[in-house]
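Undergrad: Below: one structure in structure tokens.
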Amino acid sequence: MAARKTGKTLNLSAVLDLNEATALRDKLASLRGADLAIDASAVERVGALSAQVLMAAAKTWDQDKLAFSFSKASDAFQKTMQLIGVDIHHLLAKEIRQ
């Protein structure tokens, strides 16, 4: 799903480690209730807990019947998600799907 014009964008930090996971959860909780596009273009490292937070958010947005997508994603983000076994292909904007 692509975010609609009324949606919001969340820019992810370069490092999504254990320390960032709680802050990420809080940011996502504050944006609940609107379509959301995630900009992961600056991400250099992703920890498993932050990946889990992002996938839980995707499920929450889906249950709320709202759009949740990755509008931009760095190669490091995509490769790390794939390496840890998280499929985000269906959440990627059409422009960046490979």
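Scheme for the structure tokens: letters A, B, ... for chains in order shown; per-chain residue numbers from 1; ligand numbers from 1 in order shown.
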Just want the 9 Å neighbourhood of Gly33 (chain A), counted on only C-alpha atoms, with same-chain residues fewer than 5 positions away dropped. Output as a list in words.
TA: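 Counting only the stated atoms, we get Trp61, Asp64 and Leu66 of chain A.
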Undergrad: Return as a PyMOL selection string the full set of residues in chain A whose backbone-based DSSP assignment is helix (DSSP H, G or I).
TA: chain A and resi 18-31+48-63+75-83+89-91+94-96
Undergrad: Excluding region 75-92 of chain A and residues on its chain fewer than 5 positions from it, collect all residues at most 9 Å away from it, counting only C-alpha atoms, and give them as a CSV table (one decimal) with N, CA, C and O atoms, in the first residue's frame.
TA:
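Contents of around_31.csv, freshly written:
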chain,number,residue,atom,x,y,z
A,1,MET,N,0.8,-1.2,0.0
A,1,MET,CA,0.0,0.0,0.0
A,1,MET,C,0.9,1.2,0.0
A,1,MET,O,1.8,1.3,0.7
A,2,ALA,N,0.5,2.2,-0.8
A,2,ALA,CA,1.3,3.4,-0.8
A,2,ALA,C,0.6,4.4,0.1
A,2,ALA,O,-0.6,4.5,0.2
A,40,ALA,N,13.6,5.0,4.8
A,40,ALA,CA,14.7,4.2,5.3
A,40,ALA,C,16.0,4.5,4.5
A,40,ALA,O,16.9,3.7,4.5
A,41,SER,N,16.0,5.6,3.8
A,41,SER,CA,17.2,5.8,2.9
A,41,SER,C,18.5,6.1,3.6
A,41,SER,O,19.5,5.9,3.0
A,42,ALA,N,18.4,6.6,4.8
A,42,ALA,CA,19.6,6.9,5.6
A,42,ALA,C,20.1,5.7,6.4
A,42,ALA,O,21.2,5.8,7.0
A,43,VAL,N,19.4,4.6,6.5
A,43,VAL,CA,19.7,3.5,7.3
A,43,VAL,C,21.0,2.8,6.9
A,43,VAL,O,21.1,2.4,5.7
A,44,GLU,N,21.9,2.7,7.8
A,44,GLU,CA,23.2,2.0,7.6
A,44,GLU,C,23.3,0.6,8.3
A,44,GLU,O,23.9,-0.3,7.8
A,45,ARG,N,22.6,0.5,9.5
A,45,ARG,CA,22.6,-0.7,10.2
A,45,ARG,C,21.2,-0.9,10.9
A,45,ARG,O,20.6,0.0,11.3
A,46,VAL,N,20.8,-2.2,10.9
A,46,VAL,CA,19.5,-2.5,11.4
A,46,VAL,C,19.7,-3.7,12.4
A,46,VAL,O,20.2,-4.7,12.0
A,47,GLY,N,19.2,-3.5,13.6
A,47,GLY,CA,19.2,-4.6,14.6
A,47,GLY,C,17.9,-5.4,14.5
A,47,GLY,O,16.9,-4.9,14.0
A,48,ALA,N,17.9,-6.6,15.0
A,48,ALA,CA,16.7,-7.5,14.9
A,48,ALA,C,15.5,-6.9,15.7
A,48,ALA,O,14.4,-7.0,15.2
A,51,ALA,N,13.9,-4.2,13.6
A,51,ALA,CA,13.2,-4.8,12.5
A,51,ALA,C,11.8,-5.4,13.0
A,51,ALA,O,10.8,-5.2,12.4
A,52,GLN,N,11.9,-6.0,14.2
A,52,GLN,CA,10.6,-6.5,14.8
A,52,GLN,C,9.6,-5.4,15.1
A,52,GLN,O,8.4,-5.5,14.9
A,55,MET,N,8.0,-4.4,11.8
A,55,MET,CA,7.1,-5.4,11.3
A,55,MET,C,5.8,-5.4,12.2
A,55,MET,O,4.7,-5.6,11.7
A,58,ALA,N,3.8,-2.5,10.9
A,58,ALA,CA,3.2,-2.8,9.6
A,58,ALA,C,1.9,-3.6,9.9
A,58,ALA,O,0.9,-3.4,9.2
A,68,PHE,N,0.8,1.5,5.1
A,68,PHE,CA,2.1,1.5,5.7
A,68,PHE,C,3.1,1.0,4.7
A,68,PHE,O,2.9,-0.1,4.2
A,69,SER,N,4.0,1.9,4.3
A,69,SER,CA,5.0,1.5,3.2
A,69,SER,C,6.3,2.1,3.5
A,69,SER,O,6.5,3.0,4.3
A,70,PHE,N,7.3,1.5,2.8
A,70,PHE,CA,8.7,2.1,2.8
A,70,PHE,C,8.8,2.9,1.5
A,70,PHE,O,8.9,2.3,0.4
A,97,ARG,N,10.9,-1.3,-5.8
A,97,ARG,CA,10.8,-2.7,-5.9
A,97,ARG,C,11.8,-3.2,-6.9
A,97,ARG,O,11.9,-2.6,-8.0
A,98,GLN,N,12.5,-4.3,-6.6
A,98,GLN,CA,13.4,-4.9,-7.6
A,98,GLN,C,13.0,-6.2,-8.1
A,98,GLN,O,12.4,-7.0,-7.4
Undergrad: List every residue of chain A that DSSP, applied to the backbone of this structure, assigns to strand (DSSP E or B), and report them as a list in words.
TA: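 Of chain A, the ones in strand (DSSP E or B) are Lys8, Thr9, Leu10, Asn11, Val15, Leu16, Leu36, Ala37, Ile38, Asp39, Ala40, Arg45, Val46, Phe68, Ser69, Phe70, Ser71, Lys72, Ala73 and Leu92 of chain A.
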Undergrad: Would you please work out which residue, of A:Ala57, A:Leu49, A:Leu16, A:Ala37, is nearest to Ala93 (chain A) when using only C-alpha atoms?
TA: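 Using only C-alpha atoms, the shortest distance to Ala93 (chain A) belongs to A:Ala37.
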Undergrad: Calculated over only C-alpha atoms, which of the candidates A:Leu54, A:Asp39, A:Thr60, A:Arg32 has the smallest distance to Ala14 (chain A)?
TA: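 Answer, going by the shortest atom-to-atom distance: A:Asp39.
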Undergrad: Pick out the closest residue to Leu28 (chain A) from this set: A:Ala67, A:Ala73, A:Val53, A:Val15. Count only C-alpha atoms.
TA: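 The closest residue to Leu28 (chain A) is A:Val53.
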Undergrad: Between CA of Ile38 (chain A) and CA of Lys72 (chain A), what is the distance in Å, rounded to a tenth?
TA: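 Between CA of Ile38 (chain A) and CA of Lys72 (chain A) the gap works out to 7.0 Å.
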Undergrad: So how many Å separate CA of Lys94 (chain A) and CA of Asp35 (chain A), to one decimal?
TA: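 Those two atoms sit 16.4 Å apart.
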Undergrad: Just checking: using only C-alpha atoms, which residue out of A:Ser30, A:Asn19, A:Ser71, A:Leu36 ends up closest to Gly7 (chain A)?
TA: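 Ranking A:Ser30, A:Asn19, A:Ser71, A:Leu36 by distance to Gly7 (chain A), first place goes to A:Leu36.
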Undergrad: Could you check the closest approach to Ala34 (chain A) for each of A:Lys65, A:Ser50, A:Ser74, A:Leu12 and tell me which residue wins, using only C-alpha atoms?
TA: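 Closest candidate: A:Lys65.
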Undergrad: Pick from A:Leu31, A:Lys59, A:Asp26, A:Ala21: nearest to Thr9 (chain A), with only C-alpha atoms counted?
TA: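 The shortest atom-to-atom distance to Thr9 (chain A) comes from A:Leu31.
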